[in-house]
$ cat upload34.cif   # mmCIF, C-alpha atoms
data_my_file
loop_
_atom_site.group_PDB
_atom_site.id
_atom_site.type_symbol
_atom_site.label_atom_id
_atom_site.label_comp_id
_atom_site.auth_asym_id
_atom_site.auth_seq_id
_atom_site.Cartn_x
_atom_site.Cartn_y
_atom_site.Cartn_z
ATOM 1 C CA VAL K 56 99.875 99.195 103.039
ATOM 2 C CA ARG K 57 103.285 97.640 103.754
ATOM 3 C CA GLU K 58 103.342 95.927 100.352
ATOM 4 C CA PHE K 59 102.339 99.196 98.657
ATOM 5 C CA CYS K 60 105.065 101.146 100.499
ATOM 6 C CA GLN K 61 107.718 98.608 99.535
ATOM 7 C CA LYS K 62 106.571 98.503 95.907
ATOM 8 C CA GLU K 63 106.464 102.304 95.599
ATOM 9 C CA LYS K 64 109.717 102.760 97.582
ATOM 10 C CA ILE K 65 108.050 105.012 100.164
ATOM 11 C CA ASP K 66 110.783 106.226 102.511
ATOM 12 C CA PHE K 67 108.740 107.888 105.262
ATOM 13 C CA CYS K 68 105.191 107.268 106.450
ATOM 14 C CA VAL K 69 102.919 109.376 108.661
ATOM 15 C CA VAL K 70 100.378 107.018 110.274
ATOM 16 C CA THR K 71 97.513 109.229 111.393
ATOM 17 C CA PRO K 72 94.252 107.358 112.177
ATOM 18 C CA ASP K 73 93.689 105.559 115.481
ATOM 19 C CA ASN K 74 92.735 102.111 114.105
ATOM 20 C CA PRO K 75 95.948 101.415 112.132
ATOM 21 C CA LEU K 76 98.077 102.715 115.025
ATOM 22 C CA VAL K 77 96.369 100.365 117.491
ATOM 23 C CA LEU K 78 96.605 97.475 115.001
ATOM 24 C CA GLY K 79 100.372 98.042 114.751
ATOM 25 C CA MET K 80 100.914 99.630 111.344
ATOM 26 C CA VAL K 81 104.030 101.481 112.577
ATOM 27 C CA ASP K 82 105.480 98.175 113.839
ATOM 28 C CA ALA K 83 104.754 96.528 110.471
ATOM 29 C CA LEU K 84 106.394 99.329 108.455
ATOM 30 C CA GLU K 85 109.417 99.783 110.722
ATOM 31 C CA GLU K 86 110.053 96.025 110.564
ATOM 32 C CA VAL K 87 110.857 96.466 106.848
ATOM 33 C CA GLY K 88 112.936 99.606 107.378
ATOM 34 C CA ILE K 89 110.343 102.320 106.667
ATOM 35 C CA PRO K 90 110.539 105.017 109.382
ATOM 36 C CA CYS K 91 107.231 106.413 110.608
ATOM 37 C CA PHE K 92 105.682 109.326 112.459
ATOM 38 C CA GLY K 93 103.347 107.680 114.946
ATOM 39 C CA PRO K 94 103.703 105.358 117.951
ATOM 40 C CA ARG K 95 104.086 101.620 117.751
ATOM 41 C CA ARG K 96 101.198 99.482 118.985
ATOM 42 C CA ALA K 97 102.428 99.478 122.609
ATOM 43 C CA GLY K 98 102.216 103.295 122.776
ATOM 44 C CA ALA K 99 98.973 103.493 120.799
ATOM 45 C CA MET K 100 97.288 101.432 123.539
ATOM 46 C CA LEU K 101 97.080 104.656 125.588
ATOM 47 C CA GLU K 102 94.242 105.444 123.171
ATOM 48 C CA GLY K 103 93.273 101.911 122.156
ATOM 49 C CA SER K 104 92.219 100.784 125.631
ATOM 50 C CA LYS K 105 90.626 103.061 128.241
ATOM 51 C CA SER K 106 91.411 100.540 130.997
ATOM 52 C CA PHE K 107 95.079 100.364 129.933
ATOM 53 C CA ALA K 108 95.293 104.184 130.028
ATOM 54 C CA LYS K 109 93.616 104.349 133.442
ATOM 55 C CA GLU K 110 95.907 101.681 134.917
ATOM 56 C CA PHE K 111 98.923 103.509 133.434
ATOM 57 C CA MET K 112 97.813 106.750 135.141
ATOM 58 C CA MET K 113 97.274 104.966 138.455
ATOM 59 C CA ARG K 114 100.759 103.406 138.291
ATOM 60 C CA HIS K 115 102.422 106.764 137.656
ATOM 61 C CA GLY K 116 100.365 109.036 139.928
ATOM 62 C CA ILE K 117 98.793 111.013 137.075
ATOM 63 C CA PRO K 118 95.556 112.744 138.190
ATOM 64 C CA THR K 119 92.390 111.348 136.601
ATOM 65 C CA ALA K 120 88.772 110.544 137.519
ATOM 66 C CA LYS K 121 88.064 107.636 139.889
ATOM 67 C CA TYR K 122 86.993 104.600 137.865
ATOM 68 C CA GLN K 123 86.192 100.892 137.686
ATOM 69 C CA HIS K 124 86.777 98.551 134.717
ATOM 70 C CA PHE K 125 84.195 95.873 133.878
ATOM 71 C CA THR K 126 84.169 92.852 131.592
ATOM 72 C CA ASP K 127 80.962 91.425 133.104
ATOM 73 C CA PHE K 128 77.569 93.045 132.438
ATOM 74 C CA SER K 129 75.985 92.012 135.778
ATOM 75 C CA ALA K 130 78.902 93.433 137.779
ATOM 76 C CA ALA K 131 78.790 96.700 135.792
ATOM 77 C CA LEU K 132 75.031 96.951 136.335
ATOM 78 C CA GLU K 133 75.368 96.393 140.078
ATOM 79 C CA TYR K 134 78.063 99.084 140.279
ATOM 80 C CA ALA K 135 75.840 101.505 138.333
ATOM 81 C CA ARG K 136 72.906 100.731 140.657
ATOM 82 C CA ASN K 137 74.946 101.899 143.657
ATOM 83 C CA SER K 138 76.529 104.953 141.986
ATOM 84 C CA SER K 139 75.638 108.620 142.194
ATOM 85 C CA TYR K 140 74.633 110.475 139.017
ATOM 86 C CA PRO K 141 75.480 111.755 136.500
ATOM 87 C CA LEU K 142 77.939 108.951 135.694
ATOM 88 C CA VAL K 143 80.378 108.476 132.810
ATOM 89 C CA ILE K 144 80.393 105.183 130.878
ATOM 90 C CA LYS K 145 83.095 104.607 128.268
ATOM 91 C CA ALA K 146 83.576 101.806 125.747
ATOM 92 C CA ASP K 147 87.011 100.377 126.519
ATOM 93 C CA GLY K 148 88.187 100.340 122.888
ATOM 94 C CA LEU K 149 88.082 102.671 119.889
ATOM 95 C CA ALA K 150 84.657 104.052 118.967
ATOM 96 C CA LEU K 151 85.313 107.008 116.624
ATOM 97 C CA GLY K 152 85.050 109.483 119.510
ATOM 98 C CA LYS K 153 81.462 108.396 120.214
ATOM 99 C CA GLY K 154 82.041 105.720 122.851
ATOM 100 C CA VAL K 155 81.253 107.938 125.860
ATOM 101 C CA ALA K 156 77.830 108.226 127.473
ATOM 102 C CA ILE K 157 76.821 110.402 130.450
ATOM 103 C CA PRO K 158 73.625 108.894 131.888
ATOM 104 C CA ASP K 159 71.817 110.951 134.548
ATOM 105 C CA SER K 160 69.924 108.047 136.143
ATOM 106 C CA PHE K 161 70.292 104.324 136.795
ATOM 107 C CA THR K 162 67.615 103.601 134.158
ATOM 108 C CA ALA K 163 69.629 105.479 131.534
ATOM 109 C CA ALA K 164 72.851 103.783 132.687
ATOM 110 C CA GLU K 165 71.268 100.332 132.364
ATOM 111 C CA GLU K 166 70.233 101.142 128.786
ATOM 112 C CA VAL K 167 73.781 102.310 127.929
ATOM 113 C CA LEU K 168 75.379 99.211 129.475
ATOM 114 C CA ARG K 169 72.957 96.922 127.601
ATOM 115 C CA ASP K 170 73.713 98.720 124.321
ATOM 116 C CA PHE K 171 77.459 98.683 124.893
ATOM 117 C CA MET K 172 78.155 95.310 126.520
ATOM 118 C CA LEU K 173 75.327 93.042 125.363
ATOM 119 C CA GLY K 174 74.275 94.772 122.123
ATOM 120 C CA GLN K 175 77.945 95.455 121.311
ATOM 121 C CA LYS K 176 77.077 98.874 119.914
ATOM 122 C CA PHE K 177 80.754 99.410 119.046
ATOM 123 C CA GLY K 178 81.566 95.743 118.416
ATOM 124 C CA GLU K 179 84.450 94.342 120.446
ATOM 125 C CA SER K 180 85.292 97.895 121.606
ATOM 126 C CA SER K 181 82.278 98.085 123.916
ATOM 127 C CA ARG K 182 82.270 94.502 125.228
ATOM 128 C CA GLN K 183 84.304 95.950 128.120
ATOM 129 C CA VAL K 184 83.571 99.300 129.754
ATOM 130 C CA VAL K 185 85.141 101.805 132.108
ATOM 131 C CA ILE K 186 82.748 103.556 134.504
ATOM 132 C CA GLU K 187 84.045 106.858 135.878
ATOM 133 C CA GLU K 188 82.998 109.525 138.314
ATOM 134 C CA TYR K 189 81.534 112.580 136.593
ATOM 135 C CA LEU K 190 83.907 115.550 136.628
ATOM 136 C CA THR K 191 82.903 119.145 135.950
ATOM 137 C CA GLY K 192 84.893 122.036 134.579
ATOM 138 C CA PRO K 193 86.156 123.385 131.265
ATOM 139 C CA GLU K 194 87.931 120.949 128.941
ATOM 140 C CA ILE K 195 91.406 121.514 127.530
ATOM 141 C CA SER K 196 93.125 119.734 124.644
ATOM 142 C CA VAL K 197 96.913 119.739 124.335
ATOM 143 C CA LEU K 198 98.584 118.138 121.336
ATOM 144 C CA SER K 199 102.306 117.444 121.735
ATOM 145 C CA PHE K 200 105.238 116.112 119.759
ATOM 146 C CA CYS K 201 107.122 113.256 121.429
ATOM 147 C CA ASP K 202 110.259 111.425 120.298
ATOM 148 C CA GLY K 203 110.383 109.013 123.245
ATOM 149 C CA LYS K 204 112.919 111.146 125.108
ATOM 150 C CA THR K 205 111.524 114.689 124.867
ATOM 151 C CA ILE K 206 107.986 116.062 124.755
ATOM 152 C CA LYS K 207 106.982 119.466 123.346
ATOM 153 C CA PRO K 208 103.396 120.756 123.660
ATOM 154 C CA LEU K 209 101.686 122.756 120.918
ATOM 155 C CA VAL K 210 99.229 125.604 121.597
ATOM 156 C CA SER K 211 96.265 124.550 123.782
ATOM 157 C CA SER K 212 92.724 124.329 122.413
ATOM 158 C CA MET K 213 89.123 123.761 123.507
ATOM 159 C CA ASP K 214 86.737 121.653 121.492
ATOM 160 C CA HIS K 215 82.969 121.606 121.804
ATOM 161 C CA LYS K 216 81.793 118.027 122.201
ATOM 162 C CA ARG K 217 78.037 118.055 122.468
ATOM 163 C CA ILE K 218 75.819 118.522 119.472
ATOM 164 C CA TYR K 219 72.919 121.079 119.321
ATOM 165 C CA ASP K 220 72.722 124.576 120.762
ATOM 166 C CA GLY K 221 73.007 124.708 124.541
ATOM 167 C CA ASP K 222 74.910 121.390 124.681
ATOM 168 C CA LYS K 223 71.621 119.490 124.681
ATOM 169 C CA GLY K 224 72.675 116.544 122.531
ATOM 170 C CA PRO K 225 75.017 113.579 122.836
ATOM 171 C CA ASN K 226 78.814 113.747 122.819
ATOM 172 C CA THR K 227 80.549 113.717 119.443
ATOM 173 C CA GLY K 228 84.164 113.610 118.301
ATOM 174 C CA GLY K 229 83.987 117.410 118.307
ATOM 175 C CA MET K 230 81.724 120.081 116.818
ATOM 176 C CA GLY K 231 84.259 122.937 116.653
ATOM 177 C CA VAL K 232 87.365 124.364 118.282
ATOM 178 C CA ILE K 233 88.958 127.534 119.619
ATOM 179 C CA ALA K 234 92.691 128.000 120.267
ATOM 180 C CA PRO K 235 94.473 128.953 122.420
ATOM 181 C CA ASN K 236 92.225 127.724 125.221
ATOM 182 C CA PRO K 237 91.111 130.744 127.335
ATOM 183 C CA VAL K 238 91.384 128.817 130.643
ATOM 184 C CA PHE K 239 94.899 127.498 129.964
ATOM 185 C CA SER K 240 96.704 130.183 131.975
ATOM 186 C CA THR K 241 100.440 130.204 132.764
ATOM 187 C CA ALA K 242 99.695 128.581 136.141
ATOM 188 C CA VAL K 243 97.515 125.863 134.573
ATOM 189 C CA ALA K 244 100.167 125.244 131.897
ATOM 190 C CA GLN K 245 102.777 124.779 134.640
ATOM 191 C CA GLU K 246 100.497 122.363 136.549
ATOM 192 C CA PHE K 247 99.997 120.415 133.297
ATOM 193 C CA GLN K 248 103.738 120.128 132.662
ATOM 194 C CA GLU K 249 104.654 119.157 136.233
ATOM 195 C CA LYS K 250 101.768 116.826 137.139
ATOM 196 C CA ILE K 251 100.685 115.353 133.809
ATOM 197 C CA MET K 252 102.954 115.869 130.794
ATOM 198 C CA LEU K 253 106.357 115.039 132.321
ATOM 199 C CA PRO K 254 105.027 112.168 134.525
ATOM 200 C CA THR K 255 103.408 110.676 131.389
ATOM 201 C CA LEU K 256 106.737 110.771 129.546
ATOM 202 C CA ALA K 257 108.538 109.333 132.598
ATOM 203 C CA GLY K 258 105.900 106.566 132.811
ATOM 204 C CA LEU K 259 106.342 105.658 129.143
ATOM 205 C CA GLN K 260 110.104 105.489 129.604
ATOM 206 C CA ALA K 261 109.802 103.422 132.810
ATOM 207 C CA GLU K 262 107.613 100.905 130.949
ATOM 208 C CA HIS K 263 109.982 100.857 127.934
ATOM 209 C CA ILE K 264 107.302 102.226 125.607
ATOM 210 C CA ASP K 265 109.115 104.101 122.833
ATOM 211 C CA PHE K 266 106.432 106.683 122.005
ATOM 212 C CA ARG K 267 107.267 108.630 118.831
ATOM 213 C CA GLY K 268 104.579 110.773 117.247
ATOM 214 C CA CYS K 269 101.749 112.968 118.478
ATOM 215 C CA LEU K 270 100.577 112.478 122.049
ATOM 216 C CA TYR K 271 97.250 114.171 122.761
ATOM 217 C CA PHE K 272 96.144 115.071 126.286
ATOM 218 C CA GLY K 273 92.405 115.512 126.875
ATOM 219 C CA LEU K 274 92.146 117.412 130.175
ATOM 220 C CA MET K 275 89.547 118.883 132.507
ATOM 221 C CA LEU K 276 90.170 121.755 134.897
ATOM 222 C CA THR K 277 88.210 120.685 137.980
ATOM 223 C CA ALA K 278 87.853 122.370 141.371
ATOM 224 C CA ALA K 279 90.441 119.826 142.609
ATOM 225 C CA GLY K 280 92.914 120.687 139.845
ATOM 226 C CA LEU K 281 93.770 119.449 136.370
ATOM 227 C CA LYS K 282 92.810 115.850 135.508
ATOM 228 C CA VAL K 283 93.323 113.660 132.449
ATOM 229 C CA ILE K 284 90.092 112.653 130.726
ATOM 230 C CA GLU K 285 91.847 110.687 127.962
ATOM 231 C CA TYR K 286 94.974 110.232 125.890
ATOM 232 C CA ASN K 287 95.046 109.993 122.102
ATOM 233 C CA ALA K 288 98.020 108.634 120.189
ATOM 234 C CA ARG K 289 97.585 110.904 117.163
ATOM 235 C CA PHE K 290 96.528 114.326 115.950
ATOM 236 C CA GLY K 291 92.953 114.767 117.257
ATOM 237 C CA ASP K 292 90.164 115.922 114.978
ATOM 238 C CA PRO K 293 88.969 118.683 114.903
ATOM 239 C CA GLU K 294 91.600 120.331 117.176
ATOM 240 C CA THR K 295 94.483 119.790 114.752
ATOM 241 C CA GLN K 296 92.874 121.924 112.034
ATOM 242 C CA VAL K 297 92.812 124.937 114.351
ATOM 243 C CA VAL K 298 96.044 124.319 116.299
ATOM 244 C CA LEU K 299 98.197 123.862 113.183
#
$ encode --input "upload34.cif" --output "structure tokens"
Amino acid sequence: VREFCQKEKIDFCVVTPDNPLVLGMVDALEEVGIPCFGPRRAGAMLEGSKSFAKEFMMRHGIPTAKYQHFTDFSAALEYARNSSYPLVIKADGLALGKGVAIPDSFTAAEEVLRDFMLGQKFGESSRQVVIEEYLTGPEISVLSFCDGKTIKPLVSSMDHKRIYDGDKGPNTGGMGVIAPNPVFSTAVAQEFQEKIMLPTLAGLQAEHIDFRGCLYFGLMLTAAGLKVIEYNARFGDPETQVVL
């Protein structure tokens, strides 16, 4: 891509998919003087590694589900054996929006962990996993523009993750979207800005991560308040189609 851009004298590049962002395409293009929309690799790791994102949230007091990170299958299995259900198991790396499983028993959790960590269902991405407490409540997506110094949210949205009528199937990258999100009231929007959006920006700045591009917040409105389910470092699909 860099060779093509130089040859064709491309003077601005919008890097949109998750894989090239995490691999450092913005870094590679900016090194040869081609400005980009999209974060460098350091910022894209908020999406590229679930454990990195979780540790970032812990460091900066950003509300999220309780979790543990595992690189060892036996340790993950033992943790799952002593957990309450349902449980959330996430592949640590990129998995096309399909790297999340919500087993409702230890037997199901063992199968997921075998598939992910030993069977490497998502290759290197699922060799490590994050196991989280199961949160309940409506989900909220907020896409935002960030230039490293300022952050501006777009209209909120709600995507429908699970396939089949009645949410009976597995999670997907998203089956459809409505916007604005009906549960994203003025009070919830204020909570998001004060407890999540601005602390995230402050955390990026404190860690000298120059995040320029689209920062996506995947949220859940729980009984204990708003919590971050995940970050994305790009325009999320299918929310972007509806939000824009």
$ closest_residue --input "upload34.cif" --among "K:Leu274, K:Ala288, K:Ile264, K:Leu149" --to "Ser104 (chain K)" --atoms "all atoms listed in the file"
K:Leu149
$ resolve_selection --input "upload34.cif" --expression "the PyMOL selection byres ((chain K and resi 282-286) around 6)" --output "number ranges by chain"
K: 101-102, 118-119, 271-275, 281, 287
$ residues_around --input "upload34.cif" --residues "Gly203 (chain K)" --least-positions-apart "5" --cutoff "7 Å" --atoms "all atoms listed in the file" --output "list in words"
Asp265, Phe266 and Arg267 of chain K
$ atom_distance --input "upload34.cif" --atom1 "CA of Asp66 (chain K)" --atom2 "CA of Gly268 (chain K)"
16.6 Å
$ resolve_selection --input "upload34.cif" --expression "the PyMOL selection byres ((chain K and resi 276) around 12)" --output "PyMOL selection string"
chain K and resi 118-120+190-196+213+236-240+242-244+246-247+273-275+277-284
$ closest_residue --input "upload34.cif" --among "K:Ser139, K:Ala97, K:Ser180, K:Cys201" --to "Leu151 (chain K)" --atoms "only C-alpha atoms"
K:Ser180
$ atom_distance --input "upload34.cif" --atom1 "CA of Asp82 (chain K)" --atom2 "CA of Arg95 (chain K)"
5.4 Å
$ residues_around --input "upload34.cif" --residues "Pro254 (chain K)" --least-positions-apart "5" --cutoff "8 Å" --atoms "only C-alpha atoms" --output "PyMOL selection string"
chain K and resi 115-117+249
$ write_last_selection --input "upload34.cif" --atoms "C-alpha atoms" --output "PDB file, keeping the file's coordinate frame"
ATOM      1  CA  HIS K 115     102.422 106.764 137.656  1.00  0.00           C
ATOM      2  CA  GLY K 116     100.365 109.036 139.928  1.00  0.00           C
ATOM      3  CA  ILE K 117      98.793 111.013 137.075  1.00  0.00           C
ATOM      4  CA  GLU K 249     104.654 119.157 136.233  1.00  0.00           C
TER       5      GLU K 249
END
